[in-house]
$ cat data.txt   # compact mmCIF, C-alpha atoms
# COMPACT_ATOMS: atom_id res chain seq x y z
CA GLY A 1 59.25 95.54 166.21
CA GLY A 2 57.45 92.44 164.84
CA ARG A 3 56.88 94.05 161.44
CA MET A 4 60.59 94.85 161.00
CA ALA A 5 61.68 91.34 162.02
CA ALA A 6 59.26 89.79 159.53
CA ALA A 7 60.63 91.97 156.74
CA MET A 8 64.22 91.00 157.60
CA ASN A 9 63.34 87.28 157.66
CA THR A 10 61.74 87.59 154.22
CA GLU A 11 64.96 89.10 152.88
CA LYS A 12 67.03 86.27 154.37
CA ALA A 13 64.72 83.71 152.73
CA ALA A 14 65.17 85.33 149.31
CA GLY A 15 67.88 83.02 148.00
CA GLU A 16 68.26 82.51 144.26
CA GLY A 17 65.03 80.53 144.00
CA ALA A 18 62.89 82.67 146.31
CA ARG A 19 60.83 85.52 144.92
CA LEU A 20 61.88 89.08 145.76
CA PRO A 21 59.17 90.92 147.70
CA ASN A 22 57.79 94.29 146.50
CA THR A 23 59.62 94.05 143.17
CA VAL A 24 58.13 94.82 139.77
CA VAL A 25 60.18 94.68 136.56
CA GLU A 26 58.76 95.83 133.23
CA LYS A 27 60.26 94.95 129.87
CA PRO A 28 58.90 96.63 126.74
CA PHE A 29 58.54 94.72 123.49
CA VAL A 30 56.90 95.05 120.07
CA TYR A 31 54.98 92.46 118.09
CA GLY A 32 53.46 92.68 114.66
CA SER A 33 53.61 91.73 111.02
CA ALA A 34 54.92 92.96 107.69
CA ALA A 35 53.33 91.90 104.39
CA ILE A 36 54.62 92.46 100.87
CA ALA A 37 52.49 91.79 97.77
CA LEU A 38 53.98 89.06 95.58
CA LYS A 39 54.96 89.93 92.02
CA LYS A 40 52.95 88.28 89.22
CA GLU A 41 55.78 85.87 88.36
CA GLU A 42 56.05 84.83 92.05
CA ILE A 43 52.35 83.96 92.24
CA GLY A 44 52.48 81.52 89.33
CA GLU A 45 49.65 78.97 89.56
CA GLY A 46 49.08 79.41 93.27
CA GLN A 47 46.50 81.51 95.08
CA HIS A 48 48.99 83.17 97.43
CA THR A 49 49.12 86.95 97.07
CA HIS A 50 51.55 88.04 99.81
CA ARG A 51 54.75 87.12 101.58
CA TRP A 52 54.40 88.00 105.26
CA THR A 53 56.51 87.93 108.42
CA VAL A 54 55.05 87.84 111.92
CA TYR A 55 57.46 88.72 114.73
CA LEU A 56 58.13 89.69 118.32
CA ARG A 57 61.09 92.01 118.89
CA GLY A 58 62.82 94.43 121.25
CA LEU A 59 62.07 98.16 121.01
CA GLU A 60 65.25 98.75 119.00
CA ASN A 61 65.29 95.21 117.60
CA GLU A 62 67.70 94.16 120.34
CA ASP A 63 68.27 90.54 121.38
CA LEU A 64 65.79 89.50 124.14
CA SER A 65 67.16 85.98 124.57
CA SER A 66 68.74 86.75 127.96
CA TYR A 67 65.28 86.28 129.51
CA ILE A 68 63.18 84.70 126.71
CA GLU A 69 63.45 80.92 126.28
CA LYS A 70 61.30 80.69 123.13
CA VAL A 71 58.48 82.33 121.20
CA SER A 72 55.74 80.13 119.72
CA PHE A 73 53.68 81.39 116.77
CA HIS A 74 50.30 79.67 116.38
CA LEU A 75 49.38 80.05 112.70
CA HIS A 76 46.10 79.18 110.97
CA GLU A 77 45.64 75.39 110.99
CA SER A 78 45.67 75.33 107.17
CA PHE A 79 49.48 75.79 107.34
CA ALA A 80 51.81 72.81 107.64
CA ASP A 81 53.06 72.62 111.27
CA PRO A 82 50.88 75.53 112.41
CA VAL A 83 52.76 75.92 115.73
CA ARG A 84 56.26 77.28 115.12
CA ASP A 85 58.62 77.37 118.11
CA ILE A 86 61.48 79.84 117.69
CA SER A 87 64.17 79.61 120.36
CA VAL A 88 66.90 81.66 118.67
CA PRO A 89 66.23 85.33 117.83
CA PRO A 90 65.08 87.05 115.74
CA TYR A 91 61.71 85.64 116.81
CA GLU A 92 59.78 85.54 113.54
CA VAL A 93 58.05 83.33 110.99
CA THR A 94 57.86 84.11 107.25
CA GLU A 95 55.21 82.51 105.04
CA THR A 96 53.15 83.22 101.93
CA GLY A 97 49.38 83.33 101.87
CA TRP A 98 46.25 85.11 100.69
CA GLY A 99 44.18 85.52 103.87
CA GLU A 100 44.32 87.58 107.05
CA PHE A 101 43.86 85.73 110.34
CA ARG A 102 44.63 86.02 114.05
CA ILE A 103 47.98 84.66 115.27
CA MET A 104 48.65 83.74 118.88
CA ILE A 105 52.21 84.58 119.97
CA LYS A 106 53.19 82.74 123.15
CA VAL A 107 56.35 83.73 125.03
CA THR A 108 58.11 81.29 127.37
CA PHE A 109 60.64 82.77 129.82
CA ARG A 110 63.95 81.42 131.09
CA ASP A 111 62.55 81.06 134.62
CA PRO A 112 60.00 78.20 134.78
CA LYS A 113 58.42 79.97 137.79
CA GLU A 114 57.20 82.67 135.37
CA GLN A 115 53.98 81.85 133.52
CA PRO A 116 54.20 82.10 129.72
CA VAL A 117 52.54 85.20 128.24
CA SER A 118 50.38 85.19 125.09
CA VAL A 119 49.45 88.10 122.84
CA TYR A 120 47.26 88.01 119.73
CA HIS A 121 48.06 89.68 116.45
CA GLN A 122 45.75 90.15 113.49
CA LEU A 123 47.83 89.51 110.38
CA LYS A 124 47.42 92.45 108.03
CA LEU A 125 48.05 92.03 104.30
CA PHE A 126 46.19 95.03 102.90
CA ALA A 127 46.23 98.76 103.64
CA THR A 128 42.80 99.68 105.01
CA ASN A 129 42.92 103.41 104.28
CA LYS A 130 44.77 106.06 102.22
CA ALA A 131 47.22 106.83 105.04
CA GLU A 132 48.41 103.21 105.06
CA GLN A 133 49.00 102.96 101.30
CA VAL A 134 52.57 101.88 100.58
CA ALA A 135 54.84 102.06 97.53
CA VAL A 136 55.15 98.94 95.38
CA GLY A 137 57.57 96.53 97.02
CA ASP A 138 57.18 98.13 100.46
CA PRO A 139 55.56 96.19 103.32
CA VAL A 140 52.19 96.88 104.93
CA MET A 141 53.22 97.14 108.60
CA SER A 142 51.08 96.44 111.65
CA GLU A 143 52.86 96.80 115.00
CA MET A 144 51.87 96.95 118.66
CA TYR A 145 53.84 98.16 121.70
CA ASP A 146 53.42 96.18 124.91
CA GLU A 147 55.24 95.34 128.15
CA PHE A 148 55.99 92.16 130.05
CA ILE A 149 55.36 92.83 133.74
CA PHE A 150 57.13 90.58 136.22
CA HIS A 151 55.88 90.70 139.82
CA ASN A 152 58.34 89.61 142.52
CA PRO A 153 60.77 87.72 140.25
CA THR A 154 63.56 85.61 141.70
CA GLN A 155 66.97 87.29 142.09
CA LYS A 156 68.38 85.03 139.36
CA PHE A 157 65.66 86.03 136.88
CA LYS A 158 65.85 89.71 137.88
CA ASP A 159 69.56 89.59 136.95
CA LEU A 160 68.67 88.12 133.55
CA LEU A 161 66.10 90.90 133.02
CA ALA A 162 68.70 93.55 133.90
CA LYS A 163 71.32 92.11 131.52
CA LYS A 164 72.28 94.43 128.70
CA PRO A 165 71.31 92.90 125.32
CA GLU A 166 74.32 91.29 123.63
CA LYS A 167 73.36 92.59 120.19
CA LYS A 168 70.87 94.45 118.06
CA PHE A 169 69.68 93.02 114.76
CA THR A 170 70.35 96.26 112.91
CA ASP A 171 70.80 94.59 109.52
CA HIS A 172 67.30 93.07 109.64
CA PHE A 173 65.48 93.36 106.30
CA LEU A 174 62.60 95.25 107.97
CA MET A 175 64.79 97.56 110.09
CA SER A 176 63.98 100.69 108.09
CA HIS A 177 60.23 99.97 108.41
CA PHE A 178 60.18 99.19 112.14
CA GLU A 179 58.62 101.89 114.33
CA THR A 180 61.22 102.83 116.94
CA LYS A 181 61.08 106.45 118.05
CA GLY A 182 57.32 106.49 118.69
CA PHE A 183 57.58 103.38 120.84
CA ILE A 184 60.60 104.69 122.77
CA ASP A 185 58.64 107.92 123.47
CA LYS A 186 55.75 105.76 124.67
CA GLU A 187 58.08 103.89 127.02
CA GLN A 188 59.58 107.14 128.39
CA ASP A 189 56.10 108.57 128.95
CA HIS A 190 55.11 105.37 130.76
CA ILE A 191 58.25 105.52 132.96
CA SER A 192 57.62 109.16 133.96
CA LYS A 193 53.97 108.35 134.82
CA LEU A 194 55.13 105.38 136.91
CA THR A 195 57.77 107.50 138.67
CA SER A 196 55.22 110.14 139.61
CA ALA A 197 52.71 107.46 140.74
CA ASN A 198 55.47 105.82 142.82
CA LYS A 199 56.25 109.17 144.42
CA GLN A 200 52.59 109.64 145.38
CA VAL A 201 52.41 106.10 146.82
CA GLN A 202 55.63 106.73 148.78
CA GLU A 203 54.26 110.00 150.23
CA ARG A 204 50.99 108.29 151.17
CA MET A 205 52.92 105.42 152.83
CA ASP A 206 55.01 107.91 154.78
CA GLN A 207 51.81 109.63 155.98
CA LEU A 208 50.31 106.26 157.00
CA ARG A 209 53.52 105.22 158.77
CA GLN A 210 53.43 108.48 160.70
CA ARG A 211 49.81 107.81 161.72
CA LEU A 212 50.67 104.23 162.70
CA TYR A 213 53.49 105.52 164.86
CA VAL A 214 51.13 107.95 166.61
CA LEU A 215 48.54 105.17 167.13
CA ASP A 216 51.21 102.83 168.50
CA GLU A 217 52.21 105.53 170.97
CA GLU A 218 48.56 106.03 172.02
CA ILE A 219 48.05 102.26 172.48
CA MET A 220 51.17 102.05 174.65
CA GLN A 221 49.92 104.95 176.78
CA LEU A 222 46.47 103.32 177.14
CA GLU A 223 48.04 99.95 178.06
CA LYS A 224 50.15 101.72 180.67
CA ILE A 225 47.04 103.38 182.17
CA ALA A 226 45.15 100.03 182.07
CA ARG A 227 48.00 98.31 183.95
CA GLN A 228 48.08 101.03 186.60
CA SER A 229 44.33 100.99 187.30

$ encode --input "data.txt" --output "structure tokens"
Amino acid sequence: GGRMAAAMNTEKAAGEGARLPNTVVEKPFVYGSAAIALKKEEIGEGQHTHRWTVYLRGLENEDLSSYIEKVSFHLHESFADPVRDISVPPYEVTETGWGEFRIMIKVTFRDPKEQPVSVYHQLKLFATNKAEQVAVGDPVMSEMYDEFIFHNPTQKFKDLLAKKPEKKFTDHFLMSHFETKGFIDKEQDHISKLTSANKQVQERMDQLRQRLYVLDEEIMQLEKIARQS
């Protein structure tokens, strides 16, 4: 009886600010870069060879601002204002340069109770093998699929995570180069693996509950015998 009462009290305590017990929410996202070689006349006197964009986006380039407060891009310190805070999507920074370097992308969420999450992206300007060669004027793409995992969010934040995106940035200049289908397949595969793992956990919990019940019964019987002797 004590276990049930404790569970019910926890639920009562879960107001808007309290964390929801046994709740995990996953949100997929993509981060990466696109780099296009500058034309001779664009280079002029400078040393810069490429125009590049580093970004963090939704799987189908949908708006993630319902739960993301801002995305900070930490560029190489040789750039003016190397830390760029972007609070209105699309979350991206476009620059010109000649070198490849690692960029930290830090995501701050709309719930201050949630710790910011950082990912690192190696800016890629040049194709490294035949398969990556692109036509003149096309970008060299480098993208990664990942997921934000929120453990026991508050009800308020869970609602923000569940909100349907208001819009998709379908007219984005890189839209035709973004990887979408492969990443959606990856997400589906991940969901089906999770579902099957959840099922196994549920079955195991049911077995353990059954054993607990039997043990409880045995303890009660033993206590009864102890009282009688």

$ atom_distance --input "data.txt" --atom1 "atom CA of A:His48" --atom2 "atom CA of A:Val134"
19.3 Å

$ residues_around --input "data.txt" --residues "stretch 165-175 of chain A" --least-positions-apart "2" --cutoff "7 Å" --atoms "all atoms listed in the file" --output "JSON list (two decimals) with C-alpha atoms, in the coordinates of the input"
[["chain", "number", "residue", "atom", "x", "y", "z"],
["A", 61, "ASN", "CA", 65.29, 95.21, 117.60],
["A", 62, "GLU", "CA", 67.70, 94.16, 120.34],
["A", 63, "ASP", "CA", 68.27, 90.54, 121.38],
["A", 64, "LEU", "CA", 65.79, 89.50, 124.14],
["A", 163, "LYS", "CA", 71.32, 92.11, 131.52],
["A", 177, "HIS", "CA", 60.23, 99.97, 108.41],
["A", 178, "PHE", "CA", 60.18, 99.19, 112.14]]

$ atom_distance --input "data.txt" --atom1 "atom CA of A:Pro21" --atom2 "atom CA of A:Asn198"
16.1 Å

$ atom_distance --input "data.txt" --atom1 "atom CA of A:Thr128" --atom2 "atom CA of A:Ile184"
25.6 Å

$ residues_around --input "data.txt" --residues "stretch 112-123 of chain A" --least-positions-apart "4" --cutoff "7 Å" --atoms "only C-alpha atoms" --output "MDAnalysis selection string"
chainID A and resid 32:33 100:108

$ residues_around --input "data.txt" --residues "A:Asp146" --least-positions-apart "5" --cutoff "10 Å" --atoms "all atoms listed in the file" --output "list in words"
Glu26, Lys27, Pro28, Phe29, Val30, Tyr31, Leu59, Val119, Phe183, Lys186 and Glu187 of chain A

$ closest_residue --input "data.txt" --among "A:Leu38, A:Val25, A:Leu161, A:Val88" --to "A:Ile191" --atoms "all atoms listed in the file"
A:Val25

$ closest_residue --input "data.txt" --among "A:Lys156, A:Lys193, A:Arg57, A:Lys164" --to "A:Ala18" --atoms "all atoms listed in the file"
A:Lys156

$ closest_residue --input "data.txt" --among "A:Ala131, A:Val140, A:Leu75, A:Ile225" --to "A:Arg51" --atoms "all atoms listed in the file"
A:Val140

$ closest_residue --input "data.txt" --among "A:Ser65, A:Gly46, A:Gly58, A:Gly97" --to "A:Met144" --atoms "only C-alpha atoms"
A:Gly58

$ build_atoms --input "data.txt" --residues "stretch 139-155 of chain A" --atoms "N, CA and C atoms" --output "tab-separated table (two decimals), keeping the file's coordinate frame"
chain	number	residue	atom	x	y	z
A	139	PRO	N	56.49	97.01	102.53
A	139	PRO	CA	55.56	96.19	103.32
A	139	PRO	C	54.43	97.01	103.96
A	140	VAL	N	53.28	96.35	104.10
A	140	VAL	CA	52.19	96.88	104.93
A	140	VAL	C	52.54	96.45	106.36
A	141	MET	N	52.79	97.43	107.23
A	141	MET	CA	53.22	97.14	108.60
A	141	MET	C	52.05	97.24	109.57
A	142	SER	N	52.06	96.37	110.57
A	142	SER	CA	51.08	96.44	111.65
A	142	SER	C	51.81	96.06	112.93
A	143	GLU	N	52.05	97.04	113.81
A	143	GLU	CA	52.86	96.80	115.00
A	143	GLU	C	52.17	97.28	116.27
A	144	MET	N	52.43	96.57	117.36
A	144	MET	CA	51.87	96.95	118.66
A	144	MET	C	52.99	97.02	119.70
A	145	TYR	N	52.89	98.03	120.57
A	145	TYR	CA	53.84	98.16	121.70
A	145	TYR	C	53.18	97.51	122.91
A	146	ASP	N	53.96	96.78	123.69
A	146	ASP	CA	53.42	96.18	124.91
A	146	ASP	C	54.55	96.02	125.92
A	147	GLU	N	54.22	95.54	127.11
A	147	GLU	CA	55.24	95.34	128.15
A	147	GLU	C	55.00	94.04	128.89
A	148	PHE	N	56.07	93.30	129.13
A	148	PHE	CA	55.99	92.16	130.05
A	148	PHE	C	56.12	92.75	131.45
A	149	ILE	N	55.26	92.33	132.36
A	149	ILE	CA	55.36	92.83	133.74
A	149	ILE	C	55.61	91.65	134.66
A	150	PHE	N	56.76	91.67	135.32
A	150	PHE	CA	57.13	90.58	136.22
A	150	PHE	C	56.98	91.04	137.67
A	151	HIS	N	56.10	90.36	138.41
A	151	HIS	CA	55.88	90.70	139.82
A	151	HIS	C	56.72	89.77	140.70
A	152	ASN	N	57.52	90.37	141.56
A	152	ASN	CA	58.34	89.61	142.52
A	152	ASN	C	59.11	88.46	141.87
A	153	PRO	N	59.96	88.79	140.86
A	153	PRO	CA	60.77	87.72	140.25
A	153	PRO	C	61.82	87.20	141.21
A	154	THR	N	62.45	86.09	140.88
A	154	THR	CA	63.56	85.61	141.70
A	154	THR	C	64.78	86.50	141.40
A	155	GLN	N	65.76	86.47	142.29
A	155	GLN	CA	66.97	87.29	142.09
A	155	GLN	C	67.66	86.89	140.78
